$ cat structure_9.cif   # mmCIF, C-alpha atoms
data_start
#
loop_
_atom_site.group_PDB
_atom_site.id
_atom_site.type_symbol
_atom_site.label_atom_id
_atom_site.label_comp_id
_atom_site.auth_asym_id
_atom_site.auth_seq_id
_atom_site.Cartn_x
_atom_site.Cartn_y
_atom_site.Cartn_z
ATOM 1 C CA MET B 1 17.368 15.074 -0.361
ATOM 2 C CA MET B 2 15.124 12.068 0.296
ATOM 3 C CA LYS B 3 15.314 10.601 3.782
ATOM 4 C CA LYS B 4 17.067 7.244 4.081
ATOM 5 C CA TYR B 5 15.839 4.426 6.312
ATOM 6 C CA LYS B 6 17.426 1.491 8.151
ATOM 7 C CA GLY B 7 14.230 -0.552 8.171
ATOM 8 C CA ILE B 8 11.185 -1.090 5.968
ATOM 9 C CA ILE B 9 7.855 -2.544 7.052
ATOM 10 C CA TYR B 10 5.604 -3.831 4.274
ATOM 11 C CA ASP B 11 1.946 -4.572 3.953
ATOM 12 C CA ILE B 12 1.354 -7.663 1.768
ATOM 13 C CA ASP B 13 -2.002 -7.479 -0.006
ATOM 14 C CA CYS B 14 -1.965 -4.992 -2.890
ATOM 15 C CA THR B 15 1.539 -3.861 -1.866
ATOM 16 C CA LEU B 16 3.902 -6.802 -2.396
ATOM 17 C CA LEU B 17 1.354 -9.221 -3.840
ATOM 18 C CA ASP B 18 -1.566 -8.600 -6.161
ATOM 19 C CA THR B 19 -4.345 -10.321 -4.215
ATOM 20 C CA PHE B 20 -7.292 -8.066 -4.999
ATOM 21 C CA ARG B 21 -9.250 -10.323 -7.349
ATOM 22 C CA MET B 22 -8.167 -13.420 -5.429
ATOM 23 C CA ASN B 23 -9.864 -12.042 -2.306
ATOM 24 C CA MET B 24 -12.705 -9.973 -3.702
ATOM 25 C CA VAL B 25 -14.201 -12.286 -6.350
ATOM 26 C CA PRO B 26 -14.711 -15.035 -3.719
ATOM 27 C CA LEU B 27 -16.145 -12.381 -1.386
ATOM 28 C CA GLN B 28 -18.715 -11.514 -4.055
ATOM 29 C CA ARG B 29 -19.688 -15.184 -3.996
ATOM 30 C CA ILE B 30 -20.023 -15.128 -0.202
ATOM 31 C CA ILE B 31 -22.241 -12.043 -0.351
ATOM 32 C CA GLN B 32 -24.456 -13.728 -2.935
ATOM 33 C CA GLU B 33 -24.742 -16.849 -0.790
ATOM 34 C CA GLU B 34 -25.247 -15.099 2.549
ATOM 35 C CA LEU B 35 -27.131 -11.925 1.627
ATOM 36 C CA ASN B 36 -28.614 -12.960 -1.718
ATOM 37 C CA GLU B 37 -27.232 -9.760 -3.209
ATOM 38 C CA ASP B 38 -24.979 -9.090 -6.209
ATOM 39 C CA TRP B 39 -22.388 -6.463 -5.297
ATOM 40 C CA PRO B 40 -20.170 -4.840 -7.940
ATOM 41 C CA ILE B 41 -16.523 -5.241 -7.106
ATOM 42 C CA GLU B 42 -16.180 -1.459 -6.648
ATOM 43 C CA ARG B 43 -18.428 -1.727 -3.602
ATOM 44 C CA LEU B 44 -15.821 -3.969 -1.953
ATOM 45 C CA TYR B 45 -12.856 -1.587 -2.229
ATOM 46 C CA HIS B 46 -13.004 -0.432 1.392
ATOM 47 C CA PHE B 47 -12.683 -4.032 2.612
ATOM 48 C CA THR B 48 -9.110 -4.376 1.303
ATOM 49 C CA GLY B 49 -7.551 -3.156 4.549
ATOM 50 C CA TYR B 50 -9.826 -5.165 6.867
ATOM 51 C CA THR B 51 -9.187 -8.439 8.659
ATOM 52 C CA GLY B 52 -11.364 -11.317 7.476
ATOM 53 C CA MET B 53 -13.478 -11.332 10.617
ATOM 54 C CA LYS B 54 -13.943 -7.554 10.401
ATOM 55 C CA VAL B 55 -15.364 -8.054 6.905
ATOM 56 C CA MET B 56 -17.785 -10.659 8.262
ATOM 57 C CA GLU B 57 -18.880 -8.243 11.001
ATOM 58 C CA GLU B 58 -19.414 -5.418 8.515
ATOM 59 C CA LEU B 59 -21.536 -7.689 6.309
ATOM 60 C CA GLY B 60 -23.572 -8.816 9.300
ATOM 61 C CA VAL B 61 -23.503 -12.511 8.397
ATOM 62 C CA GLN B 62 -25.136 -14.911 10.872
ATOM 63 C CA ASP B 63 -22.325 -17.411 11.474
ATOM 64 C CA LYS B 64 -19.170 -15.350 11.091
ATOM 65 C CA GLU B 65 -16.621 -18.104 11.792
ATOM 66 C CA THR B 66 -18.150 -20.658 9.413
ATOM 67 C CA THR B 67 -18.709 -18.086 6.666
ATOM 68 C CA TYR B 68 -15.181 -16.744 7.015
ATOM 69 C CA ALA B 69 -13.786 -20.296 6.738
ATOM 70 C CA ARG B 70 -15.802 -20.778 3.546
ATOM 71 C CA TRP B 71 -14.454 -17.496 2.139
ATOM 72 C CA VAL B 72 -10.888 -18.665 2.864
ATOM 73 C CA LYS B 73 -11.656 -21.925 1.059
ATOM 74 C CA TYR B 74 -12.918 -20.043 -1.999
ATOM 75 C CA VAL B 75 -9.858 -17.762 -1.922
ATOM 76 C CA ASN B 76 -7.466 -20.705 -1.880
ATOM 77 C CA GLU B 77 -9.355 -22.340 -4.744
ATOM 78 C CA PHE B 78 -9.263 -19.194 -6.881
ATOM 79 C CA GLU B 79 -7.170 -20.042 -9.923
ATOM 80 C CA GLU B 80 -5.422 -16.693 -10.361
ATOM 81 C CA GLY B 81 -3.874 -16.829 -6.889
ATOM 82 C CA ALA B 82 -1.552 -14.222 -5.388
ATOM 83 C CA THR B 83 1.027 -12.839 -7.790
ATOM 84 C CA PRO B 84 3.956 -10.575 -6.926
ATOM 85 C CA TYR B 85 4.043 -7.144 -8.498
ATOM 86 C CA PRO B 86 6.904 -6.527 -10.946
ATOM 87 C CA HIS B 87 10.314 -5.933 -9.294
ATOM 88 C CA VAL B 88 9.132 -6.905 -5.799
ATOM 89 C CA GLU B 89 11.618 -9.738 -5.350
ATOM 90 C CA ASP B 90 14.430 -7.560 -6.741
ATOM 91 C CA VAL B 91 13.593 -4.930 -4.132
ATOM 92 C CA LEU B 92 13.472 -7.425 -1.256
ATOM 93 C CA LYS B 93 16.751 -9.013 -2.337
ATOM 94 C CA THR B 94 18.577 -5.699 -2.791
ATOM 95 C CA CYS B 95 17.411 -4.410 0.584
ATOM 96 C CA GLN B 96 18.679 -7.587 2.228
ATOM 97 C CA GLN B 97 22.030 -7.240 0.483
ATOM 98 C CA LYS B 98 22.290 -3.677 1.782
ATOM 99 C CA HIS B 99 21.512 -4.875 5.330
ATOM 100 C CA ILE B 100 18.160 -3.110 5.554
ATOM 101 C CA VAL B 101 15.959 -4.706 8.222
ATOM 102 C CA GLN B 102 12.728 -5.831 6.546
ATOM 103 C CA ALA B 103 9.452 -6.650 8.257
ATOM 104 C CA ILE B 104 5.864 -7.559 7.471
ATOM 105 C CA VAL B 105 2.857 -6.179 9.339
ATOM 106 C CA SER B 106 -0.286 -7.664 7.840
ATOM 107 C CA SER B 107 -3.849 -8.525 8.807
ATOM 108 C CA LYS B 108 -3.341 -11.971 7.234
ATOM 109 C CA LEU B 109 -3.531 -15.048 9.398
ATOM 110 C CA ARG B 110 -0.287 -17.011 9.489
ATOM 111 C CA ASP B 111 -1.737 -19.938 7.509
ATOM 112 C CA GLN B 112 -2.639 -17.580 4.653
ATOM 113 C CA TYR B 113 0.794 -15.915 4.929
ATOM 114 C CA GLU B 114 2.343 -19.339 4.387
ATOM 115 C CA ILE B 115 0.192 -19.963 1.308
ATOM 116 C CA ASP B 116 0.549 -16.536 -0.312
ATOM 117 C CA PHE B 117 4.017 -15.367 0.727
ATOM 118 C CA VAL B 118 6.199 -18.120 2.166
ATOM 119 C CA SER B 119 5.361 -20.485 -0.700
ATOM 120 C CA LYS B 120 7.085 -18.031 -3.056
ATOM 121 C CA GLY B 121 10.263 -18.042 -0.960
ATOM 122 C CA PHE B 122 9.897 -14.378 -0.086
ATOM 123 C CA ASP B 123 10.147 -15.015 3.653
ATOM 124 C CA GLN B 124 13.914 -15.510 3.224
ATOM 125 C CA TYR B 125 14.202 -11.722 2.904
ATOM 126 C CA ILE B 126 12.031 -10.905 5.929
ATOM 127 C CA ASP B 127 13.472 -10.480 9.424
ATOM 128 C CA VAL B 128 10.214 -9.900 11.341
ATOM 129 C CA ALA B 129 6.609 -10.835 10.513
ATOM 130 C CA ILE B 130 3.707 -9.613 12.665
ATOM 131 C CA LEU B 131 0.451 -11.226 11.542
ATOM 132 C CA ALA B 132 -3.142 -11.354 12.767
ATOM 133 C CA ASP B 133 -2.346 -14.349 14.987
ATOM 134 C CA ASP B 134 0.366 -12.456 16.849
ATOM 135 C CA THR B 135 -1.711 -9.725 18.481
ATOM 136 C CA PRO B 136 -5.411 -9.072 19.145
ATOM 137 C CA TYR B 137 -4.888 -5.577 17.759
ATOM 138 C CA GLN B 138 -4.966 -4.861 14.027
ATOM 139 C CA LYS B 139 -4.304 -1.840 11.830
ATOM 140 C CA PRO B 140 -4.943 1.037 12.252
ATOM 141 C CA ASN B 141 -4.160 0.282 15.912
ATOM 142 C CA PRO B 142 -0.423 1.057 16.205
ATOM 143 C CA ILE B 143 0.480 -1.930 18.389
ATOM 144 C CA PRO B 144 1.365 -4.381 15.555
ATOM 145 C CA VAL B 145 3.691 -1.798 13.986
ATOM 146 C CA GLN B 146 5.205 -0.890 17.347
ATOM 147 C CA LEU B 147 5.817 -4.577 18.048
ATOM 148 C CA ALA B 148 7.542 -4.975 14.684
ATOM 149 C CA ILE B 149 9.790 -1.957 15.288
ATOM 150 C CA GLU B 150 10.739 -3.325 18.702
ATOM 151 C CA LYS B 151 11.682 -6.683 17.161
ATOM 152 C CA MET B 152 13.603 -4.886 14.386
ATOM 153 C CA ASN B 153 15.662 -3.190 17.127
ATOM 154 C CA LEU B 154 15.244 0.187 15.446
ATOM 155 C CA LYS B 155 13.797 3.581 16.343
ATOM 156 C CA PRO B 156 10.486 4.700 14.802
ATOM 157 C CA SER B 157 12.344 7.501 13.001
ATOM 158 C CA GLU B 158 14.533 4.891 11.255
ATOM 159 C CA VAL B 159 11.592 2.951 9.780
ATOM 160 C CA ILE B 160 9.091 3.492 6.971
ATOM 161 C CA TYR B 161 5.899 1.552 6.330
ATOM 162 C CA ILE B 162 4.949 0.786 2.720
ATOM 163 C CA GLY B 163 1.238 0.179 2.140
ATOM 164 C CA ASP B 164 -1.707 0.791 -0.159
ATOM 165 C CA SER B 165 -4.762 1.485 1.996
ATOM 166 C CA ILE B 166 -6.307 3.981 4.376
ATOM 167 C CA SER B 167 -5.664 1.630 7.310
ATOM 168 C CA ASP B 168 -1.958 1.551 6.383
ATOM 169 C CA TYR B 169 -1.862 5.343 6.280
ATOM 170 C CA LYS B 170 -3.675 5.667 9.612
ATOM 171 C CA VAL B 171 -1.496 3.101 11.380
ATOM 172 C CA CYS B 172 1.550 5.177 10.462
ATOM 173 C CA LEU B 173 -0.071 8.309 11.877
ATOM 174 C CA ASN B 174 -0.952 6.438 15.064
ATOM 175 C CA ALA B 175 2.511 4.883 15.409
ATOM 176 C CA GLY B 176 4.367 8.090 14.547
ATOM 177 C CA ILE B 177 6.290 6.665 11.597
ATOM 178 C CA ASP B 178 6.658 7.642 7.952
ATOM 179 C CA PHE B 179 4.331 6.208 5.315
ATOM 180 C CA GLY B 180 5.112 5.352 1.712
ATOM 181 C CA TYR B 181 1.956 5.127 -0.384
ATOM 182 C CA ALA B 182 2.151 2.156 -2.790
ATOM 183 C CA THR B 183 -0.109 3.418 -5.557
ATOM 184 C CA TRP B 184 0.515 0.434 -7.870
ATOM 185 C CA GLY B 185 -1.885 -1.755 -5.885
ATOM 186 C CA SER B 186 -4.173 0.812 -4.303
ATOM 187 C CA VAL B 187 -7.855 0.786 -5.256
ATOM 188 C CA SER B 188 -8.704 4.071 -3.531
ATOM 189 C CA ASN B 189 -6.764 7.088 -2.228
ATOM 190 C CA GLU B 190 -9.741 8.467 -0.316
ATOM 191 C CA GLY B 191 -8.578 9.824 3.034
ATOM 192 C CA ILE B 192 -4.892 9.209 2.278
ATOM 193 C CA HIS B 193 -2.725 12.322 2.459
ATOM 194 C CA ALA B 194 0.714 10.827 1.956
ATOM 195 C CA SER B 195 3.802 12.995 1.640
ATOM 196 C CA LEU B 196 5.666 10.131 -0.048
ATOM 197 C CA VAL B 197 3.880 8.642 -3.056
ATOM 198 C CA LEU B 198 5.470 5.652 -4.818
ATOM 199 C CA GLN B 199 4.524 4.697 -8.379
ATOM 200 C CA ASP B 200 6.687 1.563 -8.731
ATOM 201 C CA PRO B 201 8.222 -0.905 -6.249
ATOM 202 C CA LEU B 202 11.706 -0.010 -7.544
ATOM 203 C CA GLU B 203 11.272 3.459 -6.013
ATOM 204 C CA ILE B 204 11.586 1.802 -2.592
ATOM 205 C CA LEU B 205 15.302 1.420 -3.297
ATOM 206 C CA GLU B 206 15.642 5.220 -3.299
ATOM 207 C CA LEU B 207 14.719 5.171 0.400
ATOM 208 C CA ILE B 208 17.687 3.101 1.596
#
$ encode --input "structure_9.cif" --output "structure tokens"
Amino acid sequence: MMKKYKGIIYDIDCTLLDTFRMNMVPLQRIIQEELNEDWPIERLYHFTGYTGMKVMEELGVQDKETTYARWVKYVNEFEEGATPYPHVEDVLKTCQQKHIVQAIVSSKLRDQYEIDFVSKGFDQYIDVAILADDTPYQKPNPIPVQLAIEKMNLKPSEVIYIGDSISDYKVCLNAGIDFGYATWGSVSNEGIHASLVLQDPLEILELI
């Protein structure tokens, strides 16, 4: 019998919202401008779980803050935008109706959270949101997840984290909580050894 949970913590990018092209196509532009190199999008896969500033550090750009701000500008101008995966709102709504405590732990800054997530009205289903502004520690450091669980007023054993990336998997190991691997948005399963693999957002409802 599948374990049932009282709380769910979600990643946003490539878990609730399809943001891959929205983030990575502008990043290709940044790399061209800063490094004068043309990177195939496959070379950017490992950046999906990074904070924006971590990406800038990895690329070794000269002025990280200014370049990151320009990347954010390009992202917000990207016509495709962030789109929810099928059934995501149905899942969030049903979990709320069943009194499941729902939280977000994301490496997004709060301004971007407002643009991508709150603008769609999805925040009405979320009880706790821990974002990059809220703690100096980011995934896979367990502190953001531990802070969310504390605010959810639940035990770690009562919570599952749903995410798509290696950093999501590792943060669950570090925080001692269960991980649900959201394959619908994942670009790579390298290093992920999940015991619970989800093929569709609707499968989340089997966990409550």
$ closest_residue --input "structure_9.cif" --among "B:Pro144, B:Gly49, B:Pro26, B:Gly60" --to "Ile166 of chain B" --atoms "all atoms listed in the file"
B:Gly49
$ residues_around --input "structure_9.cif" --residues "Ser107 of chain B" --least-positions-apart "6" --cutoff "7 Å" --atoms "all atoms listed in the file" --output "PyMOL selection string"
chain B and resi 51+131-132+138
$ atom_distance --input "structure_9.cif" --atom1 "atom CA of Asn36 of chain B" --atom2 "atom CA of Glu65 of chain B"
18.8 Å
$ closest_residue --input "structure_9.cif" --among "B:Asn141, B:Ser188, B:Gln146, B:Thr19" --to "Glu42 of chain B" --atoms "all atoms listed in the file"
B:Ser188
$ resolve_selection --input "structure_9.cif" --expression "the PyMOL selection byres ((chain B and resi 46) around 12)" --output "number ranges by chain"
B: 20, 24, 41-45, 47-51, 54-55, 58, 164-167, 186-191
$ resolve_selection --input "structure_9.cif" --expression "the PyMOL selection byres ((chain B and resi 124) around 12)" --output "list in words"
Glu89, Leu92, Lys93, Cys95, Gln96, Gln97, Gln102, Ala103, Phe117, Val118, Ser119, Lys120, Gly121, Phe122, Asp123, Tyr125, Ile126, Asp127, Val128 and Ala129 of chain B
$ write_last_selection --input "structure_9.cif" --atoms "C-alpha atoms" --output "PDB file, in the frame of the given file"
ATOM      1  CA  GLU B  89      11.618  -9.738  -5.350  1.00  0.00           C
ATOM      2  CA  LEU B  92      13.472  -7.425  -1.256  1.00  0.00           C
ATOM      3  CA  LYS B  93      16.751  -9.013  -2.337  1.00  0.00           C
ATOM      4  CA  CYS B  95      17.411  -4.410   0.584  1.00  0.00           C
ATOM      5  CA  GLN B  96      18.679  -7.587   2.228  1.00  0.00           C
ATOM      6  CA  GLN B  97      22.030  -7.240   0.483  1.00  0.00           C
ATOM      7  CA  GLN B 102      12.728  -5.831   6.546  1.00  0.00           C
ATOM      8  CA  ALA B 103       9.452  -6.650   8.257  1.00  0.00           C
ATOM      9  CA  PHE B 117       4.017 -15.367   0.727  1.00  0.00           C
ATOM     10  CA  VAL B 118       6.199 -18.120   2.166  1.00  0.00           C
ATOM     11  CA  SER B 119       5.361 -20.485  -0.700  1.00  0.00           C
ATOM     12  CA  LYS B 120       7.085 -18.031  -3.056  1.00  0.00           C
ATOM     13  CA  GLY B 121      10.263 -18.042  -0.960  1.00  0.00           C
ATOM     14  CA  PHE B 122       9.897 -14.378  -0.086  1.00  0.00           C
ATOM     15  CA  ASP B 123      10.147 -15.015   3.653  1.00  0.00           C
ATOM     16  CA  TYR B 125      14.202 -11.722   2.904  1.00  0.00           C
ATOM     17  CA  ILE B 126      12.031 -10.905   5.929  1.00  0.00           C
ATOM     18  CA  ASP B 127      13.472 -10.480   9.424  1.00  0.00           C
ATOM     19  CA  VAL B 128      10.214  -9.900  11.341  1.00  0.00           C
ATOM     20  CA  ALA B 129       6.609 -10.835  10.513  1.00  0.00           C
TER      21      ALA B 129
END
$ resolve_selection --input "structure_9.cif" --expression "the PyMOL selection byres ((chain B and resi 2) around 8)" --output "PyMOL selection string"
chain B and resi 1+3-4+206-207
$ closest_residue --input "structure_9.cif" --among "B:Gln112, B:Thr67, B:Ser106, B:Asn153" --to "Pro140 of chain B" --atoms "all atoms listed in the file"
B:Ser106
$ decode --input "structure_9.cif" --residues "segment 66-101 of chain B" --atoms "N, CA and C atoms" --output "mmCIF file, in the first residue's frame"
data_model
loop_
_atom_site.group_PDB
_atom_site.id
_atom_site.type_symbol
_atom_site.label_atom_id
_atom_site.label_comp_id
_atom_site.auth_asym_id
_atom_site.auth_seq_id
_atom_site.Cartn_x
_atom_site.Cartn_y
_atom_site.Cartn_z
ATOM 1 N N THR B 66 25.050 42.223 -12.714
ATOM 2 C CA THR B 66 24.508 42.896 -13.897
ATOM 3 C C THR B 66 24.079 41.881 -14.955
ATOM 4 N N THR B 67 24.891 40.850 -15.143
ATOM 5 C CA THR B 67 24.567 39.828 -16.147
ATOM 6 C C THR B 67 23.337 39.036 -15.729
ATOM 7 N N TYR B 68 23.248 38.725 -14.447
ATOM 8 C CA TYR B 68 22.058 38.010 -13.963
ATOM 9 C C TYR B 68 20.801 38.856 -14.176
ATOM 10 N N ALA B 69 20.884 40.152 -13.891
ATOM 11 C CA ALA B 69 19.727 41.041 -14.088
ATOM 12 C C ALA B 69 19.314 41.069 -15.561
ATOM 13 N N ARG B 70 20.295 41.019 -16.457
ATOM 14 C CA ARG B 70 19.983 41.008 -17.885
ATOM 15 C C ARG B 70 19.320 39.685 -18.288
ATOM 16 N N TRP B 71 19.791 38.589 -17.706
ATOM 17 C CA TRP B 71 19.165 37.281 -17.959
ATOM 18 C C TRP B 71 17.702 37.301 -17.513
ATOM 19 N N VAL B 72 17.450 37.835 -16.319
ATOM 20 C CA VAL B 72 16.067 37.931 -15.818
ATOM 21 C C VAL B 72 15.207 38.755 -16.776
ATOM 22 N N LYS B 73 15.760 39.831 -17.285
ATOM 23 C CA LYS B 73 15.038 40.671 -18.250
ATOM 24 C C LYS B 73 14.678 39.858 -19.494
ATOM 25 N N TYR B 74 15.635 39.118 -20.023
ATOM 26 C CA TYR B 74 15.375 38.300 -21.209
ATOM 27 C C TYR B 74 14.323 37.224 -20.917
ATOM 28 N N VAL B 75 14.400 36.634 -19.725
ATOM 29 C CA VAL B 75 13.423 35.606 -19.337
ATOM 30 C C VAL B 75 12.014 36.191 -19.334
ATOM 31 N N ASN B 76 11.867 37.359 -18.735
ATOM 32 C CA ASN B 76 10.541 37.965 -18.620
ATOM 33 C C ASN B 76 10.013 38.472 -19.959
ATOM 34 N N GLU B 77 10.912 38.673 -20.913
ATOM 35 C CA GLU B 77 10.496 39.088 -22.250
ATOM 36 C C GLU B 77 10.207 37.899 -23.163
ATOM 37 N N PHE B 78 10.562 36.706 -22.723
ATOM 38 C CA PHE B 78 10.415 35.522 -23.573
ATOM 39 C C PHE B 78 8.936 35.216 -23.783
ATOM 40 N N GLU B 79 8.514 35.158 -25.019
ATOM 41 C CA GLU B 79 7.090 35.127 -25.346
ATOM 42 C C GLU B 79 6.375 33.892 -24.814
ATOM 43 N N GLU B 80 7.040 32.753 -24.791
ATOM 44 C CA GLU B 80 6.356 31.523 -24.380
ATOM 45 C C GLU B 80 5.958 31.555 -22.903
ATOM 46 N N GLY B 81 6.761 32.173 -22.074
ATOM 47 C CA GLY B 81 6.445 32.301 -20.659
ATOM 48 C C GLY B 81 6.407 30.964 -19.931
ATOM 49 N N ALA B 82 5.954 31.010 -18.692
ATOM 50 C CA ALA B 82 5.821 29.814 -17.853
ATOM 51 C C ALA B 82 4.411 29.272 -17.994
ATOM 52 N N THR B 83 4.307 28.000 -18.324
ATOM 53 C CA THR B 83 2.983 27.392 -18.497
ATOM 54 C C THR B 83 2.828 26.203 -17.556
ATOM 55 N N PRO B 84 1.670 26.088 -16.903
ATOM 56 C CA PRO B 84 1.471 24.948 -16.009
ATOM 57 C C PRO B 84 1.367 23.643 -16.789
ATOM 58 N N TYR B 85 1.890 22.584 -16.209
ATOM 59 C CA TYR B 85 1.713 21.265 -16.801
ATOM 60 C C TYR B 85 0.245 20.843 -16.671
ATOM 61 N N PRO B 86 -0.219 19.962 -17.551
ATOM 62 C CA PRO B 86 -1.605 19.503 -17.469
ATOM 63 C C PRO B 86 -1.935 18.931 -16.083
ATOM 64 N N HIS B 87 -3.108 19.278 -15.586
ATOM 65 C CA HIS B 87 -3.677 18.762 -14.327
ATOM 66 C C HIS B 87 -3.077 19.388 -13.070
ATOM 67 N N VAL B 88 -2.104 20.282 -13.202
ATOM 68 C CA VAL B 88 -1.465 20.834 -12.010
ATOM 69 C C VAL B 88 -2.464 21.571 -11.129
ATOM 70 N N GLU B 89 -3.275 22.448 -11.719
ATOM 71 C CA GLU B 89 -4.225 23.182 -10.878
ATOM 72 C C GLU B 89 -5.246 22.243 -10.258
ATOM 73 N N ASP B 90 -5.675 21.216 -10.977
ATOM 74 C CA ASP B 90 -6.610 20.236 -10.413
ATOM 75 C C ASP B 90 -6.008 19.565 -9.186
ATOM 76 N N VAL B 91 -4.724 19.240 -9.269
ATOM 77 C CA VAL B 91 -4.042 18.601 -8.144
ATOM 78 C C VAL B 91 -3.974 19.539 -6.948
ATOM 79 N N LEU B 92 -3.551 20.785 -7.180
ATOM 80 C CA LEU B 92 -3.438 21.754 -6.093
ATOM 81 C C LEU B 92 -4.791 21.990 -5.424
ATOM 82 N N LYS B 93 -5.824 22.110 -6.237
ATOM 83 C CA LYS B 93 -7.170 22.368 -5.719
ATOM 84 C C LYS B 93 -7.692 21.181 -4.913
ATOM 85 N N THR B 94 -7.506 19.980 -5.428
ATOM 86 C CA THR B 94 -7.988 18.779 -4.734
ATOM 87 C C THR B 94 -7.256 18.586 -3.411
ATOM 88 N N CYS B 95 -5.951 18.806 -3.410
ATOM 89 C CA CYS B 95 -5.196 18.677 -2.164
ATOM 90 C C CYS B 95 -5.685 19.678 -1.118
ATOM 91 N N GLN B 96 -5.978 20.887 -1.554
ATOM 92 C CA GLN B 96 -6.502 21.892 -0.628
ATOM 93 C C GLN B 96 -7.853 21.459 -0.067
ATOM 94 N N GLN B 97 -8.709 20.945 -0.923
ATOM 95 C CA GLN B 97 -10.023 20.485 -0.496
ATOM 96 C C GLN B 97 -9.931 19.340 0.513
ATOM 97 N N LYS B 98 -8.880 18.547 0.397
ATOM 98 C CA LYS B 98 -8.684 17.416 1.302
ATOM 99 C C LYS B 98 -7.810 17.789 2.503
ATOM 100 N N HIS B 99 -7.579 19.094 2.670
ATOM 101 C CA HIS B 99 -6.863 19.642 3.823
ATOM 102 C C HIS B 99 -5.415 19.155 3.911
ATOM 103 N N ILE B 100 -4.810 18.939 2.754
ATOM 104 C CA ILE B 100 -3.379 18.643 2.698
ATOM 105 C C ILE B 100 -2.616 19.968 2.754
ATOM 106 N N VAL B 101 -1.622 20.057 3.618
ATOM 107 C CA VAL B 101 -0.815 21.270 3.719
ATOM 108 C C VAL B 101 0.151 21.294 2.523
#
